[in-house]
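This is work27.txt. It holds compact mmCIF, C-alpha atoms.
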```
# COMPACT_ATOMS: atom_id res chain seq x y z
CA MET A 163 21.82 48.95 44.14
CA LYS A 164 24.11 50.55 46.72
CA ALA A 165 21.12 52.11 48.44
CA ASN A 166 19.15 48.83 48.32
CA PRO A 167 21.68 45.99 48.70
CA SER A 168 18.97 43.37 49.32
CA ILE A 169 18.10 43.59 45.60
CA CYS A 170 21.55 42.17 44.82
CA PHE A 171 20.90 38.95 46.74
CA ARG A 172 17.75 37.49 45.32
CA ASP A 173 18.01 34.14 47.05
CA ALA A 174 18.69 35.61 50.49
CA GLY A 175 16.31 38.09 52.06
CA HIS A 176 13.25 40.05 51.11
CA SER A 177 13.48 42.92 48.64
CA LEU A 178 9.87 43.33 47.48
CA ARG A 179 9.34 46.47 49.57
CA GLU A 180 12.49 48.11 48.20
CA ARG A 181 11.54 47.22 44.63
CA GLN A 182 8.00 48.54 45.13
CA ASP A 183 9.34 51.81 46.57
CA ILE A 184 11.52 52.32 43.49
CA ALA A 185 8.62 51.59 41.14
CA ALA A 186 6.25 53.94 43.01
CA VAL A 187 8.52 56.89 42.24
CA GLN A 188 10.17 56.02 38.94
CA VAL A 189 7.26 54.59 36.90
CA PRO A 190 5.11 57.78 37.07
CA LYS A 191 8.21 59.98 36.67
CA LEU A 192 9.31 58.16 33.51
CA ALA A 193 5.76 58.39 32.16
CA GLN A 194 5.76 62.14 32.77
CA GLU A 195 8.86 62.62 30.62
CA ALA A 196 7.21 60.81 27.69
CA ALA A 197 3.85 62.56 28.15
CA VAL A 198 5.37 66.04 28.11
CA LYS A 199 6.93 65.29 24.71
CA ALA A 200 3.74 63.75 23.33
CA ILE A 201 1.48 66.62 24.40
CA LYS A 202 3.93 69.19 23.05
CA GLU A 203 3.83 67.55 19.62
CA TRP A 204 0.06 67.11 19.80
CA GLY A 205 -0.19 70.89 20.13
CA ARG A 206 -3.30 71.11 22.28
CA PRO A 207 -3.43 72.09 25.99
CA LYS A 208 -3.22 69.28 28.52
CA SER A 209 -6.55 70.47 29.94
CA ASP A 210 -8.13 68.90 26.83
CA ILE A 211 -7.16 65.42 28.11
CA THR A 212 -10.36 63.75 29.32
CA HIS A 213 -9.11 60.21 30.09
CA VAL A 214 -5.91 58.45 31.14
CA VAL A 215 -5.21 54.77 30.45
CA PHE A 216 -2.03 53.76 32.27
CA GLY A 217 -0.33 50.38 31.80
CA THR A 218 2.68 48.95 33.60
CA THR A 219 4.16 45.63 34.68
CA CYS A 220 6.31 47.27 37.34
CA GLY A 221 4.74 47.58 40.78
CA ILE A 222 1.32 47.37 42.41
CA HIS A 223 0.08 50.31 44.45
CA MET A 224 -3.10 51.90 45.75
CA PRO A 225 -3.67 54.65 44.75
CA GLY A 226 -2.01 53.67 41.53
CA ALA A 227 0.61 55.07 39.21
CA ASP A 228 -2.20 56.60 37.17
CA LEU A 229 -3.03 59.02 39.98
CA GLN A 230 0.59 59.88 40.74
CA PHE A 231 1.18 60.49 37.04
CA SER A 232 -1.91 62.69 36.73
CA LYS A 233 -0.69 64.81 39.64
CA LEU A 234 2.81 65.14 38.20
CA MET A 235 1.32 66.23 34.89
CA GLY A 236 -1.07 68.72 36.48
CA LEU A 237 -4.07 67.17 34.72
CA GLU A 238 -7.60 68.18 35.62
CA THR A 239 -8.88 66.58 38.85
CA THR A 240 -11.89 65.37 36.86
CA VAL A 241 -9.79 63.33 34.41
CA LYS A 242 -11.15 59.78 34.16
CA ARG A 243 -8.49 57.14 34.83
CA VAL A 244 -8.05 53.45 34.01
CA MET A 245 -5.14 51.68 35.70
CA MET A 246 -3.88 48.44 34.15
CA TYR A 247 -1.29 46.70 36.36
CA GLN A 248 0.66 43.53 35.50
CA ILE A 249 -0.45 43.53 31.87
CA GLY A 250 2.85 42.13 30.62
CA CYS A 251 4.31 42.62 27.17
CA SER A 252 0.94 42.49 25.39
CA GLY A 253 -0.11 45.62 27.27
CA GLY A 254 0.96 48.11 24.60
CA ALA A 255 -1.80 46.88 22.32
CA ALA A 256 -4.24 46.28 25.19
CA VAL A 257 -4.12 49.90 26.39
CA LEU A 258 -4.83 51.11 22.84
CA ARG A 259 -7.78 48.73 22.60
CA VAL A 260 -9.25 50.21 25.79
CA ALA A 261 -8.52 53.77 24.66
CA LYS A 262 -10.20 53.15 21.30
CA ASP A 263 -13.40 52.09 23.05
CA LEU A 264 -13.30 55.10 25.37
CA ALA A 265 -12.74 57.54 22.50
CA GLU A 266 -15.50 56.10 20.33
CA ASN A 267 -18.06 56.05 23.14
CA ASN A 268 -17.37 59.45 24.73
CA LYS A 269 -17.95 62.36 22.35
CA GLY A 270 -15.00 64.74 22.28
CA ALA A 271 -12.81 62.49 24.41
CA ARG A 272 -9.03 62.73 24.16
CA VAL A 273 -7.40 59.76 25.87
CA LEU A 274 -3.81 59.97 27.08
CA VAL A 275 -2.42 56.44 26.81
CA VAL A 276 0.65 55.61 28.88
CA CYS A 277 2.97 52.61 29.06
CA SER A 278 5.73 53.07 31.62
CA GLU A 279 8.01 50.17 32.48
CA GLY A 280 10.98 49.53 34.73
CA THR A 281 13.06 46.49 35.51
CA ALA A 282 13.20 47.08 39.28
CA LEU A 283 10.50 44.55 40.17
CA GLY A 284 12.05 41.69 38.19
CA PHE A 285 15.76 42.55 38.22
CA VAL A 286 17.89 39.45 38.67
CA PRO A 287 21.49 39.92 39.88
CA PRO A 288 24.26 37.87 38.22
CA ASN A 289 24.55 34.32 39.58
CA GLU A 290 27.26 31.93 38.43
CA GLU A 291 25.02 28.97 39.24
CA LYS A 292 22.19 30.31 37.04
CA PRO A 293 23.79 31.77 33.90
CA GLU A 294 20.47 31.59 32.03
CA GLU A 295 19.18 34.45 34.20
CA LEU A 296 21.65 36.76 32.48
CA VAL A 297 19.42 36.58 29.40
CA GLU A 298 16.60 38.25 31.31
CA THR A 299 18.89 40.95 32.70
CA ALA A 300 20.38 41.66 29.27
CA LEU A 301 17.10 41.54 27.33
CA PHE A 302 14.75 43.77 29.34
CA GLY A 303 14.97 47.55 29.67
CA ASP A 304 13.25 50.61 31.12
CA GLY A 305 11.12 52.87 28.96
CA ALA A 306 7.93 54.89 28.65
CA VAL A 307 5.72 55.88 25.73
CA CYS A 308 2.59 58.03 25.49
CA VAL A 309 0.02 58.56 22.75
CA ILE A 310 -3.18 60.59 22.48
CA VAL A 311 -6.23 58.82 21.06
CA GLY A 312 -9.47 60.46 20.00
CA ALA A 313 -12.44 60.09 17.65
CA ASP A 314 -14.02 62.71 15.37
CA PRO A 315 -10.86 64.78 14.87
CA ILE A 316 -11.18 68.53 14.49
CA PRO A 317 -10.01 69.57 11.00
CA LYS A 318 -6.83 71.67 10.98
CA VAL A 319 -6.49 71.18 14.75
CA ASP A 320 -5.93 67.45 15.24
CA ARG A 321 -3.14 66.00 13.11
CA PRO A 322 -3.53 62.21 13.18
CA LEU A 323 -0.62 59.88 12.56
CA PHE A 324 -2.50 56.57 12.38
CA GLU A 325 -6.09 55.37 12.53
CA LEU A 326 -7.21 52.51 14.74
CA LEU A 327 -9.54 50.46 12.53
CA TRP A 328 -9.86 47.22 14.50
CA ALA A 329 -8.67 45.78 17.81
CA GLY A 330 -8.59 42.13 18.79
CA GLU A 331 -7.23 39.77 21.41
CA CYS A 332 -6.94 36.03 21.85
CA PHE A 333 -5.19 33.55 24.10
CA VAL A 334 -3.53 30.33 23.04
CA PRO A 335 -5.28 27.36 24.70
CA GLU A 336 -3.29 25.44 27.31
CA SER A 337 -0.40 27.92 27.23
CA ASP A 338 -0.81 29.31 30.75
CA LYS A 339 2.63 28.19 31.90
CA ALA A 340 4.47 29.22 28.75
CA VAL A 341 4.77 32.83 29.97
CA TYR A 342 3.88 33.79 33.54
CA GLY A 343 5.12 35.67 36.57
CA ASP A 344 5.00 35.07 40.32
CA LEU A 345 5.08 38.00 42.76
CA THR A 346 7.19 36.87 45.71
CA GLU A 347 9.07 38.40 48.64
CA VAL A 348 12.05 38.99 46.35
CA GLY A 349 10.13 40.63 43.49
CA MET A 350 8.56 39.38 40.30
CA ASP A 351 9.84 35.99 39.19
CA PHE A 352 9.28 35.67 35.43
CA HIS A 353 9.05 32.33 33.64
CA LEU A 354 8.99 31.58 29.93
CA THR A 355 9.62 28.42 27.96
CA ARG A 356 11.29 27.71 24.64
CA LYS A 357 7.83 26.98 23.22
CA VAL A 358 6.82 30.65 23.18
CA PRO A 359 8.08 31.52 19.65
CA PHE A 360 6.30 28.45 18.26
CA LEU A 361 3.03 29.18 20.11
CA ILE A 362 2.99 32.71 18.72
CA SER A 363 3.95 31.86 15.15
CA ASP A 364 1.48 28.96 14.99
CA ASN A 365 -1.46 31.14 16.04
CA ILE A 366 -0.80 34.72 14.91
CA ALA A 367 -2.22 34.40 11.38
CA LYS A 368 -5.59 33.19 12.67
CA LEU A 369 -5.97 36.34 14.78
CA LEU A 370 -4.78 38.76 12.12
CA ASN A 371 -6.87 37.25 9.36
CA GLN A 372 -9.99 38.39 11.23
CA ALA A 373 -8.91 41.97 10.58
CA ARG A 374 -7.23 41.60 7.20
CA LYS A 375 -10.49 40.67 5.51
CA ILE A 376 -11.93 44.06 6.56
CA VAL A 377 -9.53 45.77 4.15
CA ASN A 378 -9.73 43.26 1.27
CA ASN A 379 -6.96 40.92 2.40
CA PRO A 380 -3.76 42.75 1.44
CA ASN A 381 -0.61 40.69 1.18
CA TRP A 382 1.32 40.58 4.47
CA ASN A 383 4.26 42.23 2.71
CA ASP A 384 2.08 45.11 1.52
CA MET A 385 1.53 46.15 5.14
CA PHE A 386 3.68 47.79 7.82
CA TRP A 387 4.48 45.95 11.06
CA ALA A 388 4.94 47.28 14.60
CA ILE A 389 5.68 44.10 16.53
CA HIS A 390 6.57 43.59 20.18
CA GLY A 391 10.27 42.80 20.22
CA GLY A 392 10.10 39.90 22.63
CA GLY A 393 13.37 38.47 21.37
CA PRO A 394 15.14 37.44 18.16
CA ALA A 395 13.66 33.93 18.10
CA ILE A 396 10.07 35.25 18.21
CA LEU A 397 10.75 37.66 15.34
CA ARG A 398 12.35 34.95 13.20
CA LYS A 399 9.40 32.59 13.71
CA ILE A 400 6.87 35.32 12.84
CA GLU A 401 8.80 36.16 9.67
CA THR A 402 8.73 32.53 8.64
CA ALA A 403 5.07 31.98 9.49
CA LEU A 404 3.88 35.03 7.55
CA GLN A 405 6.63 34.88 4.90
CA LEU A 406 7.62 38.48 5.63
CA ALA A 407 10.47 40.16 3.81
CA PRO A 408 13.39 40.85 6.17
CA HIS A 409 12.93 44.64 6.08
CA LYS A 410 9.36 44.41 7.35
CA LEU A 411 10.49 43.99 10.97
CA ALA A 412 13.41 46.42 10.71
CA ALA A 413 11.78 48.96 13.04
CA THR A 414 11.13 46.32 15.70
CA ARG A 415 14.69 45.05 15.50
CA GLU A 416 16.06 48.59 15.81
CA VAL A 417 14.04 49.10 19.00
CA LEU A 418 15.14 45.74 20.42
CA ARG A 419 18.78 46.54 19.67
CA GLU A 420 18.71 50.09 21.08
CA TYR A 421 16.33 49.74 24.04
CA GLY A 422 15.81 46.05 24.69
CA ASN A 423 12.45 44.52 25.51
CA VAL A 424 10.61 47.36 27.28
CA TYR A 425 7.62 45.18 28.09
CA SER A 426 4.31 46.85 27.13
CA GLY A 427 6.03 49.81 25.50
CA SER A 428 7.93 47.78 22.90
CA CYS A 429 5.28 47.69 20.17
CA LEU A 430 4.61 51.43 20.53
CA PHE A 431 8.32 52.18 20.36
CA ALA A 432 8.31 50.20 17.11
CA LEU A 433 5.35 52.19 15.77
CA ASP A 434 7.15 55.45 16.49
CA GLN A 435 10.24 54.07 14.79
CA ILE A 436 8.12 53.34 11.70
CA ARG A 437 6.91 56.92 11.72
CA LEU A 438 10.48 58.25 11.97
CA ARG A 439 11.70 55.88 9.25
CA SER A 440 8.84 57.04 7.02
CA LEU A 441 9.94 60.65 7.40
CA ALA A 442 13.60 59.80 6.81
CA MET A 443 12.86 57.88 3.60
CA ASP A 444 10.38 60.50 2.37
CA ALA A 445 7.66 57.85 2.27
CA SER A 446 4.19 58.70 1.04
CA THR A 447 2.53 57.61 4.30
CA THR A 448 3.40 57.37 7.98
CA GLY A 449 3.45 53.58 7.46
CA GLU A 450 6.54 53.43 5.23
CA SER A 451 4.35 54.06 2.13
CA CYS A 452 1.94 51.25 3.09
CA GLU A 453 -1.69 52.12 3.74
CA TYR A 454 -2.46 49.40 6.29
CA GLY A 455 -0.45 47.74 9.00
CA PHE A 456 -0.57 45.78 12.24
CA LEU A 457 0.52 46.56 15.76
CA CYS A 458 0.98 43.25 17.61
CA ALA A 459 2.08 42.34 21.13
CA PHE A 460 2.39 39.09 23.06
CA GLY A 461 2.17 38.50 26.79
CA PRO A 462 1.36 36.08 29.61
CA GLY A 463 -1.23 33.51 28.79
CA VAL A 464 0.02 33.25 25.99
CA THR A 465 -2.06 36.33 25.13
CA MET A 466 -1.87 37.99 21.73
CA ASP A 467 -3.21 41.52 21.19
CA ALA A 468 -3.36 43.21 17.81
CA LEU A 469 -4.65 46.36 16.15
CA LEU A 470 -5.24 47.02 12.47
CA LEU A 471 -3.97 50.50 11.62
CA ARG A 472 -4.30 52.81 8.64
CA SER A 473 -1.47 55.24 8.03
CA VAL A 474 -2.02 58.79 6.82
CA PRO A 475 -0.35 60.67 3.95
CA THR A 476 2.81 62.37 5.14
CA THR A 477 1.86 65.47 3.12
CA ALA A 478 -1.50 65.93 4.84
CA ASN A 479 -1.88 69.31 6.52
CA PHE A 480 -5.33 68.67 7.92
CA VAL A 481 -7.60 65.81 8.87
CA ASP A 482 -9.82 64.18 6.27
CA GLU A 483 -13.19 64.15 8.03
CA THR A 484 -13.94 60.65 6.73
CA ARG A 485 -11.16 59.28 8.89
CA ASN A 486 -12.52 58.99 12.38
CA TYR A 487 -10.00 57.45 14.72
CA THR A 488 -6.78 59.25 15.43
CA LEU A 489 -3.64 58.28 17.24
CA ASN A 490 -1.45 61.30 17.84
CA ALA A 491 2.14 61.86 18.91
CA VAL A 492 3.65 58.42 19.36
CA LEU A 493 6.79 59.33 21.28
CA PRO A 494 8.97 57.13 23.46
```
Entire entry expressed as structure tokens:
Amino acid sequence: MKANPSICFRDAGHSLRERQDIAAVQVPKLAQEAAVKAIKEWGRPKSDITHVVFGTTCGIHMPGADLQFSKLMGLETTVKRVMMYQIGCSGGAAVLRVAKDLAENNKGARVLVVCSEGTALGFVPPNEEKPEELVETALFGDGAVCVIVGADPIPKVDRPLFELLWAGECFVPESDKAVYGDLTEVGMDFHLTRKVPFLISDNIAKLLNQARKIVNNPNWNDMFWAIHGGGPAILRKIETALQLAPHKLAATREVLREYGNVYSGSCLFALDQIRLRSLAMDASTTGESCEYGFLCAFGPGVTMDALLLRSVPTTANFVDETRNYTLNAVLP
């Protein structure tokens, strides 16, 4: 802020260039830190990465953050990249949906999925005349998360943590102005209304029921939940709509409390927290002893993205060849 004082005066001046310059450096750098951890746990050489799917809501550049990240990581020059800019908070599920398709349709593919987010583009300085803007400043945070997705895992080499069984997306009709952002000379101006928790809770069951019937309609409380922590009101409304027990969203609330809303990375942070909680409680599966679960995220539109996941036994030392879709090393 000292180096870029124009960011501190949103209503006077133009700070988009300064914000973009910060994002151009920090978004790929933050992603690199997460990817190094993920690949180390994965246990295979980074030369085995065939694709990169990179999602962020911070910055717009050409060439994109995907290329800068690939260079920082020293990935092969032939790596195939997909850059997803301005995907909003639903992006954590959207990048997995794209990666799932890539892995299933490219034999031997190993897709490095990245969500790297910063608050530089939308940072709002304190303003006594607009105290409501403090909510945005307090709620959102920086963070990055990487996962490796592949199909046809190699027994005793790949060690999957979750399987991606189904991916879906929908938008709520006539909700365009409920959550949206405007890119202006002073950065990204985010807008959301008080209707958002109601729009999500009124429509989420319809989307998830499409997937639940694939696995014989388990009770919502017999599943694990990695939800985008958009805010306390959203979580309360989802709990009520689906009649979830309070502990079902414990991982999401822990992420929201410790890291804030990290945009597209939030739901993946929650999934990693579920994995860590499962280990700590000596659960029978990576999904807190549940076999099936949902990863859900909500973004501009209002857009809702969701994936149906299957956990794996925590005692498994190798991959059951009947389980095809792997998601490895979920590490914020």
Within 10 Å of Gly330 of chain A using only C-alpha atoms, minus same-chain residues under 4 positions, as a ChimeraX atom specification: /A:255-256,259,369-370,372-373,458,466-470
Point-to-point distance from atom CA of Val424 of chain A to atom CA of Gly303 of chain A, Å rounded to tenths: 5.0 Å
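Residues near the point (3.4, 54.1, 9.4), at a distance of 8 Å or less over all atoms listed in the file, make up Leu323, Phe324, Phe386, Leu433, Ile436, Arg437, Ser440, Thr447, Thr448, Gly449, Glu450, Ser451, Cys452, Glu453, Gly455, Arg472, Ser473 and Val474 of chain A.
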Spatial neighbours of segment 220-226 of chain A, 6 Å, all atoms listed in the file, chain gap at least 2 places, as number ranges by chain: A: 182, 185, 218, 228-229, 279-280, 283
Among the residues A:Gly284, A:Gly393, A:Pro293, A:Pro380, the one that comes closest to Val348 of chain A [using all atoms listed in the file]: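 Closest to Val348 of chain A of all the choices is A:Gly284.
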Spatial neighbours of Ser426 of chain A, max dist 6 Å, all atoms listed in the file, sep filter under 4 positions, as a list of chain:residue names: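 The contact residues come out as A:Cys251, A:Ser252, A:Gly253, A:Gly254.
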Contact residues around Val244 of chain A with all atoms listed in the file at 8 Å, ignoring same-chain residues under 4 positions, as a PyMOL selection string: chain A and resi 213-216+228
